[in-house]
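Enquirer: My structure is stored as query_7.pdb, with PDB, C-alpha atoms.
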```pdb
ATOM      1  CA  MET A   1     198.864 132.368  -2.025
ATOM      2  CA  SER A   2     197.041 129.990  -4.376
ATOM      3  CA  VAL A   3     193.303 129.445  -4.225
ATOM      4  CA  PRO A   4     192.181 125.954  -3.050
ATOM      5  CA  LEU A   5     190.601 125.212  -6.382
ATOM      6  CA  SER A   6     190.985 122.749  -9.257
ATOM      7  CA  ALA A   7     190.977 124.322 -12.725
ATOM      8  CA  VAL A   8     190.186 121.895 -15.554
ATOM      9  CA  VAL A   9     191.061 122.509 -19.212
ATOM     10  CA  LEU A  10     190.411 120.193 -22.164
ATOM     11  CA  THR A  11     192.796 120.415 -25.078
ATOM     12  CA  GLN A  12     193.629 118.821 -28.407
ATOM     13  CA  ASN A  13     196.213 120.396 -30.702
ATOM     14  CA  ASN A  14     195.882 123.802 -29.042
ATOM     15  CA  ALA A  15     199.554 124.576 -28.380
ATOM     16  CA  PRO A  16     199.564 128.099 -29.926
ATOM     17  CA  ILE A  17     196.857 129.403 -27.581
ATOM     18  CA  LEU A  18     197.148 127.163 -24.513
ATOM     19  CA  ALA A  19     199.821 129.121 -22.621
ATOM     20  CA  ARG A  20     197.620 132.242 -22.465
ATOM     21  CA  CYS A  21     194.779 130.249 -20.926
ATOM     22  CA  LEU A  22     196.955 128.477 -18.355
ATOM     23  CA  LYS A  23     198.770 131.661 -17.340
ATOM     24  CA  SER A  24     195.411 133.229 -16.488
ATOM     25  CA  LEU A  25     194.656 130.223 -14.225
ATOM     26  CA  SER A  26     197.896 130.499 -12.224
ATOM     27  CA  PHE A  27     195.907 131.582  -9.143
ATOM     28  CA  ALA A  28     194.471 128.042  -8.834
ATOM     29  CA  ASP A  29     196.196 125.529  -6.558
ATOM     30  CA  GLU A  30     195.714 122.790  -9.152
ATOM     31  CA  ILE A  31     195.502 123.013 -12.944
ATOM     32  CA  ILE A  32     194.499 119.839 -14.778
ATOM     33  CA  VAL A  33     194.858 119.585 -18.532
ATOM     34  CA  VAL A  34     193.089 116.647 -20.154
ATOM     35  CA  ASP A  35     194.921 116.261 -23.442
ATOM     36  CA  ALA A  36     193.222 114.216 -26.165
ATOM     37  CA  GLN A  37     196.472 112.784 -27.517
ATOM     38  CA  SER A  38     197.506 115.986 -29.258
ATOM     39  CA  LEU A  39     199.873 115.754 -32.207
ATOM     40  CA  ASP A  40     201.402 119.160 -31.452
ATOM     41  CA  ASP A  41     203.175 120.514 -28.348
ATOM     42  CA  SER A  42     200.021 120.975 -26.242
ATOM     43  CA  ALA A  43     201.146 118.541 -23.515
ATOM     44  CA  ARG A  44     204.615 120.091 -23.324
ATOM     45  CA  VAL A  45     203.187 123.621 -23.136
ATOM     46  CA  ALA A  46     200.814 122.526 -20.365
ATOM     47  CA  ARG A  47     203.560 120.944 -18.272
ATOM     48  CA  ALA A  48     205.796 123.992 -18.763
ATOM     49  CA  SER A  49     202.924 126.113 -17.392
ATOM     50  CA  GLY A  50     202.761 124.006 -14.224
ATOM     51  CA  ALA A  51     199.682 121.970 -15.122
ATOM     52  CA  ARG A  52     199.138 118.295 -14.374
ATOM     53  CA  VAL A  53     198.593 116.633 -17.747
ATOM     54  CA  VAL A  54     196.357 113.593 -18.152
ATOM     55  CA  GLU A  55     196.417 112.132 -21.645
ATOM     56  CA  ARG A  56     193.248 110.403 -22.807
ATOM     57  CA  ALA A  57     191.835 109.508 -26.219
ATOM     58  CA  TRP A  58     188.974 111.755 -27.307
ATOM     59  CA  SER A  59     185.643 110.274 -26.207
ATOM     60  CA  GLY A  60     183.249 113.105 -27.009
ATOM     61  CA  PHE A  61     182.734 116.521 -25.443
ATOM     62  CA  ALA A  62     180.456 115.497 -22.565
ATOM     63  CA  ASP A  63     182.363 112.350 -21.582
ATOM     64  CA  GLN A  64     185.726 114.119 -21.770
ATOM     65  CA  ARG A  65     184.408 116.863 -19.488
ATOM     66  CA  ARG A  66     183.093 114.338 -16.971
ATOM     67  CA  PHE A  67     186.489 112.662 -16.958
ATOM     68  CA  GLY A  68     188.189 115.992 -16.329
ATOM     69  CA  LEU A  69     185.933 116.742 -13.364
ATOM     70  CA  ALA A  70     186.744 113.332 -11.875
ATOM     71  CA  GLN A  71     190.457 114.267 -11.745
ATOM     72  CA  ALA A  72     189.894 117.259  -9.447
ATOM     73  CA  ARG A  73     191.366 117.077  -5.944
ATOM     74  CA  HIS A  74     189.569 120.130  -4.524
ATOM     75  CA  PRO A  75     185.870 120.520  -3.628
ATOM     76  CA  TRP A  76     185.598 123.558  -5.909
ATOM     77  CA  VAL A  77     186.239 123.283  -9.661
ATOM     78  CA  PHE A  78     186.564 125.933 -12.345
ATOM     79  CA  VAL A  79     186.386 124.793 -15.982
ATOM     80  CA  CYS A  80     188.012 126.795 -18.745
ATOM     81  CA  ASP A  81     188.449 126.180 -22.469
ATOM     82  CA  SER A  82     191.821 126.537 -24.138
ATOM     83  CA  ASP A  83     190.637 129.581 -26.129
ATOM     84  CA  GLU A  84     189.537 131.424 -22.975
ATOM     85  CA  GLU A  85     191.328 133.681 -20.506
ATOM     86  CA  VAL A  86     190.378 134.564 -16.928
ATOM     87  CA  THR A  87     190.643 138.309 -16.313
ATOM     88  CA  PRO A  88     192.212 139.531 -13.031
ATOM     89  CA  GLU A  89     188.829 140.792 -11.780
ATOM     90  CA  LEU A  90     187.246 137.399 -12.402
ATOM     91  CA  ALA A  91     190.154 135.636 -10.695
ATOM     92  CA  ARG A  92     189.591 137.760  -7.573
ATOM     93  CA  ALA A  93     185.857 137.006  -7.671
ATOM     94  CA  ILE A  94     186.546 133.267  -7.949
ATOM     95  CA  ALA A  95     188.905 133.401  -4.969
ATOM     96  CA  ALA A  96     186.292 135.239  -2.888
ATOM     97  CA  ALA A  97     183.574 132.741  -3.844
ATOM     98  CA  VAL A  98     185.698 129.737  -2.903
ATOM     99  CA  ALA A  99     186.517 131.366   0.448
ATOM    100  CA  THR A 100     182.815 131.849   1.313
ATOM    101  CA  PRO A 101     181.637 129.488   4.113
ATOM    102  CA  ALA A 102     179.859 126.453   2.673
ATOM    103  CA  GLN A 103     176.572 127.139   4.425
ATOM    104  CA  ALA A 104     176.347 130.607   2.844
ATOM    105  CA  SER A 105     177.690 129.729  -0.587
ATOM    106  CA  PRO A 106     175.751 128.878  -3.766
ATOM    107  CA  LEU A 107     176.553 125.505  -5.320
ATOM    108  CA  GLY A 108     177.615 127.139  -8.565
ATOM    109  CA  TYR A 109     178.538 130.442 -10.170
ATOM    110  CA  ARG A 110     178.001 131.770 -13.655
ATOM    111  CA  VAL A 111     180.588 133.920 -15.384
ATOM    112  CA  ARG A 112     180.086 136.505 -18.120
ATOM    113  CA  ARG A 113     181.992 135.812 -21.322
ATOM    114  CA  HIS A 114     183.432 138.570 -23.480
ATOM    115  CA  ASN A 115     183.419 136.984 -26.935
ATOM    116  CA  GLN A 116     185.571 137.761 -29.937
ATOM    117  CA  PHE A 117     184.546 137.020 -33.521
ATOM    118  CA  LEU A 118     187.140 137.478 -36.275
ATOM    119  CA  GLY A 119     189.241 139.506 -33.844
ATOM    120  CA  ARG A 120     186.454 141.916 -32.805
ATOM    121  CA  TRP A 121     184.821 141.978 -29.387
ATOM    122  CA  MET A 122     181.111 141.349 -29.915
ATOM    123  CA  ASP A 123     179.572 143.981 -27.651
ATOM    124  CA  PHE A 124     176.288 143.832 -29.567
ATOM    125  CA  GLY A 125     173.978 140.963 -30.384
ATOM    126  CA  PRO A 126     173.330 137.739 -28.463
ATOM    127  CA  TRP A 127     177.008 137.067 -27.791
ATOM    128  CA  ALA A 128     177.117 140.227 -25.660
ATOM    129  CA  ARG A 129     174.796 138.560 -23.123
ATOM    130  CA  ASP A 130     176.653 135.245 -22.837
ATOM    131  CA  THR A 131     176.898 133.679 -19.374
ATOM    132  CA  GLN A 132     178.246 130.235 -18.542
ATOM    133  CA  LEU A 133     178.152 128.067 -15.412
ATOM    134  CA  ARG A 134     181.861 127.468 -14.816
ATOM    135  CA  LEU A 135     182.560 127.444 -11.058
ATOM    136  CA  PHE A 136     180.875 124.817  -8.891
ATOM    137  CA  ARG A 137     181.283 122.248  -6.175
ATOM    138  CA  ALA A 138     182.546 119.004  -7.718
ATOM    139  CA  ASP A 139     180.034 116.885  -5.811
ATOM    140  CA  SER A 140     177.044 118.884  -7.071
ATOM    141  CA  VAL A 141     177.619 119.227 -10.826
ATOM    142  CA  GLN A 142     176.308 117.283 -13.801
ATOM    143  CA  VAL A 143     177.288 117.458 -17.475
ATOM    144  CA  THR A 144     174.509 117.428 -20.064
ATOM    145  CA  ASP A 145     174.821 114.345 -22.255
ATOM    146  CA  VAL A 146     174.662 115.845 -25.755
ATOM    147  CA  PRO A 147     177.143 115.523 -28.668
ATOM    148  CA  VAL A 148     177.840 119.288 -28.936
ATOM    149  CA  HIS A 149     177.037 122.448 -26.999
ATOM    150  CA  GLU A 150     177.277 120.492 -23.751
ATOM    151  CA  SER A 151     176.867 122.411 -20.502
ATOM    152  CA  TYR A 152     177.023 122.048 -16.731
ATOM    153  CA  SER A 153     174.187 122.160 -14.207
ATOM    154  CA  VAL A 154     173.826 122.045 -10.430
ATOM    155  CA  ASP A 155     170.746 121.258  -8.389
ATOM    156  CA  GLY A 156     170.835 124.289  -6.150
ATOM    157  CA  ARG A 157     171.394 128.025  -5.901
ATOM    158  CA  VAL A 158     173.520 129.703  -8.588
ATOM    159  CA  ALA A 159     174.993 133.229  -8.533
ATOM    160  CA  THR A 160     176.923 135.338 -11.056
ATOM    161  CA  LEU A 161     180.510 136.460 -10.516
ATOM    162  CA  ALA A 162     182.021 139.867 -11.231
ATOM    163  CA  GLY A 163     184.544 140.144 -14.024
ATOM    164  CA  PHE A 164     184.748 138.585 -17.468
ATOM    165  CA  LEU A 165     186.039 135.444 -19.090
ATOM    166  CA  ASN A 166     187.651 136.490 -22.366
ATOM    167  CA  HIS A 167     186.768 134.138 -25.218
ATOM    168  CA  TYR A 168     189.006 134.272 -28.291
ATOM    169  CA  THR A 169     186.835 132.209 -30.601
ATOM    170  CA  HIS A 170     186.347 132.064 -34.395
ATOM    171  CA  ALA A 171     189.654 133.823 -35.051
ATOM    172  CA  THR A 172     189.349 133.323 -38.823
ATOM    173  CA  ILE A 173     186.639 132.462 -41.335
ATOM    174  CA  SER A 174     188.477 129.199 -42.037
ATOM    175  CA  GLU A 175     188.347 128.213 -38.355
ATOM    176  CA  SER A 176     184.669 129.140 -38.207
ATOM    177  CA  ILE A 177     183.798 126.963 -41.227
ATOM    178  CA  GLN A 178     185.832 124.030 -39.885
ATOM    179  CA  ARG A 179     183.995 124.242 -36.570
ATOM    180  CA  LEU A 180     180.654 124.492 -38.369
ATOM    181  CA  ASN A 181     181.409 121.342 -40.352
ATOM    182  CA  ARG A 182     182.524 119.352 -37.311
ATOM    183  CA  TYR A 183     179.695 120.402 -35.010
ATOM    184  CA  THR A 184     176.897 119.979 -37.566
ATOM    185  CA  THR A 185     178.051 116.422 -38.274
ATOM    186  CA  LEU A 186     177.908 115.524 -34.587
ATOM    187  CA  GLU A 187     174.597 117.282 -33.990
ATOM    188  CA  ALA A 188     172.945 115.829 -37.105
ATOM    189  CA  ARG A 189     173.605 112.289 -35.902
ATOM    190  CA  ASP A 190     171.851 113.131 -32.653
ATOM    191  CA  ARG A 191     168.906 114.919 -34.312
ATOM    192  CA  ALA A 192     168.239 112.312 -37.006
ATOM    193  CA  GLY A 193     166.051 110.222 -34.719
ATOM    194  CA  ARG A 194     163.862 113.156 -33.738
ATOM    195  CA  ARG A 195     161.612 115.434 -35.802
ATOM    196  CA  ARG A 196     161.585 114.772 -39.519
ATOM    197  CA  VAL A 197     163.368 117.460 -41.528
ATOM    198  CA  ARG A 198     161.156 118.648 -44.385
ATOM    199  CA  ALA A 199     162.384 119.561 -47.865
ATOM    200  CA  LEU A 200     162.068 123.330 -47.385
ATOM    201  CA  ASP A 201     163.473 123.482 -43.839
ATOM    202  CA  PRO A 202     167.122 124.023 -44.959
ATOM    203  CA  LEU A 203     165.974 126.996 -47.059
ATOM    204  CA  VAL A 204     163.266 128.670 -44.979
ATOM    205  CA  LEU A 205     164.325 128.217 -41.356
ATOM    206  CA  PRO A 206     167.912 129.567 -41.717
ATOM    207  CA  ALA A 207     166.495 132.785 -43.183
ATOM    208  CA  GLY A 208     164.554 133.242 -39.965
ATOM    209  CA  VAL A 209     167.713 132.611 -37.945
ATOM    210  CA  PHE A 210     169.584 135.311 -39.886
ATOM    211  CA  PHE A 211     166.757 137.831 -39.325
ATOM    212  CA  LYS A 212     166.633 136.987 -35.628
ATOM    213  CA  TYR A 213     170.390 137.452 -35.126
ATOM    214  CA  TYR A 214     171.007 140.359 -37.452
ATOM    215  CA  VAL A 215     167.880 142.460 -36.881
ATOM    216  CA  ARG A 216     166.083 141.471 -33.678
ATOM    217  CA  LYS A 217     169.149 140.688 -31.557
ATOM    218  CA  GLY A 218     171.207 143.581 -32.898
ATOM    219  CA  CYS A 219     174.145 142.028 -34.758
ATOM    220  CA  TRP A 220     173.751 144.841 -37.311
ATOM    221  CA  ARG A 221     175.316 147.155 -34.733
ATOM    222  CA  ALA A 222     178.591 145.180 -34.910
ATOM    223  CA  GLY A 223     179.340 146.110 -38.536
ATOM    224  CA  VAL A 224     180.760 143.595 -40.983
ATOM    225  CA  GLU A 225     181.619 141.126 -38.230
ATOM    226  CA  GLY A 226     178.022 141.227 -36.999
ATOM    227  CA  PHE A 227     176.751 140.501 -40.510
ATOM    228  CA  LEU A 228     179.153 137.573 -40.858
ATOM    229  CA  LEU A 229     178.223 136.190 -37.434
ATOM    230  CA  ALA A 230     174.524 136.230 -38.333
ATOM    231  CA  SER A 231     175.318 134.686 -41.731
ATOM    232  CA  ILE A 232     177.429 131.847 -40.315
ATOM    233  CA  THR A 233     174.815 131.138 -37.635
ATOM    234  CA  ALA A 234     172.182 130.822 -40.369
ATOM    235  CA  MET A 235     174.555 128.715 -42.475
ATOM    236  CA  TYR A 236     175.096 126.424 -39.479
ATOM    237  CA  ARG A 237     171.366 125.799 -39.286
ATOM    238  CA  ALA A 238     171.092 125.159 -43.054
ATOM    239  CA  VAL A 239     173.981 122.675 -43.070
ATOM    240  CA  LEU A 240     172.630 120.976 -39.948
ATOM    241  CA  TYR A 241     169.218 120.436 -41.558
ATOM    242  CA  MET A 242     170.784 119.173 -44.789
ATOM    243  CA  LYS A 243     172.993 116.668 -42.957
ATOM    244  CA  THR A 244     170.103 115.537 -40.743
ATOM    245  CA  ARG A 245     167.846 115.087 -43.774
ATOM    246  CA  SER A 246     170.567 113.093 -45.544
ATOM    247  CA  ILE A 247     170.908 110.734 -42.576
ATOM    248  CA  GLN A 248     167.125 110.318 -42.347
ATOM    249  CA  HIS A 249     166.932 109.440 -46.063
ATOM    250  CA  ALA A 250     169.709 106.882 -45.661
ATOM    251  CA  GLN A 251     167.945 105.304 -42.685
ATOM    252  CA  ALA A 252     164.667 105.144 -44.605
ATOM    253  CA  ARG A 253     166.367 103.259 -47.429
TER     254      ARG A 253
END
```
Re-express the file's structure as structure tokens.

Expert:
Amino acid sequence: MSVPLSAVVLTQNNAPILARCLKSLSFADEIIVVDAQSLDDSARVARASGARVVERAWSGFADQRRFGLAQARHPWVFVCDSDEEVTPELARAIAAAVATPAQASPLGYRVRRHNQFLGRWMDFGPWARDTQLRLFRADSVQVTDVPVHESYSVDGRVATLAGFLNHYTHATISESIQRLNRYTTLEARDRAGRRRVRALDPLVLPAGVFFKYYVRKGCWRAGVEGFLLASITAMYRAVLYMKTRSIQHAQAR
């Protein structure tokens, strides 16, 4: 018996990994895939997995997520990214939460993510304590309006579900660098109108980020992958400051 729930997935050129995600959502009564006009077989893979596909030009992370939520037919919505997979334990916890009487139920639920980096599960460092608000009532949720790292929020009680959401992210160094380049460009445009980036910020501040991740938060315990995660996080900050500073200089001219 399917759970009276709408599962929403955004996708764009994710055909190789999409089937795994959608298979893990098969417990949901409705699966909606918002496809940003993919050039690969993403839409075909989604339909073959039983999802309802809505094709829409990419309009930014936050706006695309709001659009996806608006397509849901059920009061409860679970959002999942194409590189994620719901474990059986989490699926059972979601079903139990949706079945809870409304008067006794929180408005939203956080899930714990089990994150991979370069094929290794990151059981140490900040990624080991990652929780995300992913299950909520559709009439109570808002999407933060930021260019990247958008999130969901509800104005009410939130609980945490049992089980994990597996996150197969940063599968290769190449993918990690491509994501860094894309996200820093978007974030720099948003940050340019805020605090002025000083000349030494791209050099000094990323060093602090590396120390925080690698030493204080324990990435050193994850071996080579932990070192690379701390390094790429610091590199992200350096590139972000450089791009923001470049935009600010151009605006000043």

Enquirer: Can you tell me, as a PyMOL selection string, what residues are no more than 7 Å from segment 97-111 of chain A when counting only C-alpha atoms, ignoring any on the same chain fewer than 5 positions away?

Expert: chain A and resi 76+131-137+140+154+156-161+164-165

Enquirer: Quick check, in Å to one decimal: how far apart do atom CA of Ile232 of chain A and atom CA of Gln116 of chain A lie?

Expert: 14.5 Å

Enquirer: Residues picked by the PyMOL selection byres ((chain A and resi 51-62) around 9) here, as number ranges by chain?

Expert: A: 12, 22, 30-38, 43-50, 63-68, 71, 143-151

Enquirer: Rounded to one decimal place, report the atom CA of Leu229 of chain A-atom CA of Phe117 of chain A distance in Å.

Expert: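 Those two atoms sit 7.5 Å apart.
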
Enquirer: List the neighbours of Trp220 of chain A out to 12 Å using all atoms listed in the file; skip same-chain residues closer than 6 positions along the sequence, and give me the result as a PyMOL selection string.

Expert: chain A and resi 122-126+210-214+226-231

Enquirer: Using the chain letters and numbering of this document, enumerate as a list in words the residues selected by the PyMOL selection byres ((chain A and resi 73) around 10).

Expert: Pro4, Leu5, Ser6, Ala7, Asp29, Glu30, Ile32, Leu69, Ala70, Gln71, Ala72, His74, Pro75, Trp76, Val77 and Ala138 of chain A

Enquirer: At what distance in Å, to one decimal, does atom CA of Val239 of chain A lie from atom CA of Gln178 of chain A?

Expert: 12.3 Å

Enquirer: Given the choices A:Ala188, A:Leu25, A:Leu18, A:Met242, which gets closest to Phe78 of chain A if the distance is worked out from all atoms listed in the file?

Expert: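 Looking only at the distances to Phe78 of chain A, the closest residue turns out to be A:Leu25.
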
Enquirer: Go through the shown structure with the PyMOL selection byres ((chain A and resi 167) around 7) and write out the matching residues as a list in words.

Expert: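 Matching residues under the PyMOL selection byres ((chain A and resi 167) around 7) are Asp83, Glu84, Glu85, Arg113, His114, Asn115, Gln116, Leu165, Asn166, Tyr168 and Thr169 of chain A.
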
Enquirer: From the options A:Arg129, A:Arg191, A:Arg198, A:Arg120, which residue's atoms come nearest to Thr172 of chain A, counting all atoms listed in the file?

Expert: A:Arg120

Enquirer: Which residue, A:Asn13, A:Ser153, A:Thr244, A:Thr233, has the smallest gap to Leu186 of chain A when you use only C-alpha atoms?

Expert: A:Thr244

Enquirer: For a quick check of understanding, using all atoms listed in the file, which of A:Asp130, A:Lys217, A:Thr87, A:Leu240 has the smallest distance to Asp201 of chain A?

Expert: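 Of the candidates, the smallest distance to Asp201 of chain A is held by A:Leu240.
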